[in-house]
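A.B. asks: Here you go, one structure.
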Amino acid sequence: MLHGSSYCALERHTQGVVQTIEVYADVTCPFTHVGLRRLVERREQLDRHDVVLRVRAWPLELVNGKPLRGELVGEEIAELRAATTPDLFAGFNSIQFPQTSLPALMLEASAYLNDDRIGEEVSLALRTALFEQGRDVSDPAVLAAIAASVGIAIPGREAAQLVHADWHEGERRDVSGSPFFFVGGQGFFCPTLKIEHTEGHLKISVDPKATEAFFDHCFS
């Protein structure tokens, strides 16, 4: 079943020559991984390096009152790979799925205090580690390696305040979960994917028309 918080929020801002796509998401959400990777791929195709991702915490375990289970995420990933993304999730390991996403979200939020591009790099690296390399992103050693790769320190416990601040700000902005997008005041639910539940089975497909319309909003 798609988690009650399986949305993300995205809003585009223009700051001089830099456009920031803002995303509320959980590190452990596989639908967000697909959405972010597809956005980055389209950015590369268009050579739009003026666009930066600002990923904010939408901690599903706090929103839902319990963390995601690796088995459930594995089922969603199997459907995603079969239906739409055979190029992604190659190294996912449900056994190494983190018991909590909060340490990863804390590192992500702290990275953005340095610079939006550093924050984006950490955000994508965390998801690559989890979904493509099968690594436990609650493991301090994994987090330390990612932090060292961009030259930042592991955050202290105070970083939990950043995660909670993002979460509550998302609530004030009517974020529904991970992933739901807002672009130019218009909302999009999983615009690159069509997700249906049929007789208890999750069915996922690509909606090409909706995908192109969404990217037009992001990169126009």
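Labeling convention for the structure tokens: chains A, B, ... as they appear, residues from 1 per chain, ligands from 1 in order of appearance.
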Could you name the residues that touch Leu202 of chain A at 12 Å or less, counting only C-alpha atoms, but leaving out those on the same chain fewer than 4 positions away, as a compact mmCIF listing (two decimals) with N, CA and C atoms, in the first residue's frame?
C.D. replies:
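Result written to result.txt:
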```txt
# COMPACT_ATOMS: atom_id res chain seq x y z
N MET A 1 0.84 -1.19 0.00
CA MET A 1 0.00 0.00 0.00
C MET A 1 0.88 1.24 0.00
N LEU A 2 0.50 2.25 -0.75
CA LEU A 2 1.24 3.51 -0.76
C LEU A 2 1.06 4.19 0.57
N HIS A 3 2.15 4.50 1.27
CA HIS A 3 2.07 5.09 2.59
C HIS A 3 1.22 6.34 2.57
N LEU A 72 7.93 -3.84 2.82
CA LEU A 72 6.94 -3.07 2.08
C LEU A 72 7.61 -2.25 0.98
N VAL A 73 8.70 -1.59 1.33
CA VAL A 73 9.42 -0.79 0.34
C VAL A 73 9.96 -1.69 -0.77
N GLU A 75 8.58 -4.39 -1.92
CA GLU A 75 7.46 -4.71 -2.80
C GLU A 75 7.19 -3.55 -3.76
N GLU A 76 7.23 -2.33 -3.24
CA GLU A 76 7.01 -1.16 -4.09
C GLU A 76 8.12 -1.04 -5.14
N ILE A 77 9.34 -1.32 -4.71
CA ILE A 77 10.47 -1.23 -5.63
C ILE A 77 10.37 -2.30 -6.72
N ALA A 78 9.94 -3.49 -6.36
CA ALA A 78 9.78 -4.55 -7.36
C ALA A 78 8.78 -4.13 -8.44
N GLU A 79 7.70 -3.50 -8.02
CA GLU A 79 6.71 -3.02 -8.97
C GLU A 79 7.25 -1.87 -9.81
N LEU A 80 7.99 -0.97 -9.17
CA LEU A 80 8.60 0.14 -9.90
C LEU A 80 9.57 -0.36 -10.97
N ALA A 82 9.72 -3.32 -12.40
CA ALA A 82 9.05 -4.09 -13.44
C ALA A 82 8.27 -3.19 -14.40
N ALA A 83 7.69 -2.12 -13.85
CA ALA A 83 6.78 -1.32 -14.66
C ALA A 83 7.43 -0.11 -15.31
N LYS A 194 1.96 6.99 -12.51
CA LYS A 194 0.54 6.74 -12.28
C LYS A 194 0.44 5.55 -11.35
N ILE A 195 -0.13 5.75 -10.17
CA ILE A 195 -0.17 4.72 -9.14
C ILE A 195 -1.61 4.35 -8.84
N GLU A 196 -1.92 3.07 -8.94
CA GLU A 196 -3.28 2.60 -8.72
C GLU A 196 -3.25 1.37 -7.80
N HIS A 197 -4.35 1.19 -7.08
CA HIS A 197 -4.53 -0.02 -6.26
C HIS A 197 -5.69 -0.80 -6.83
N THR A 198 -5.41 -2.01 -7.31
CA THR A 198 -6.43 -2.86 -7.91
C THR A 198 -6.48 -4.19 -7.18
```
A.B. asks: I'd like the contact shell of segment 145-155 of chain A - 12 Å cut-off, only C-alpha atoms, skipping same-chain residues fewer than 5 positions apart - returned as a VMD selection string.
C.D. replies: chain A and resid 102 to 115 117 to 130 135 137 to 140 160 to 163
A.B. asks: Which is closer to Asp216 of chain A than all the others in A:Cys29, A:Val18, A:Val175, A:Leu39, using only C-alpha atoms?
C.D. replies: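 Checking each candidate against Asp216 of chain A, we get A:Leu39 as the closest.
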A.B. asks: Excluding same-chain residues fewer than 6 positions from Thr85 of chain A, what lies within 12 Å of it counting only C-alpha atoms, as a PyMOL selection string?
C.D. replies: chain A and resi 30-31+33-35+37-38+76-79+192-193+204-206
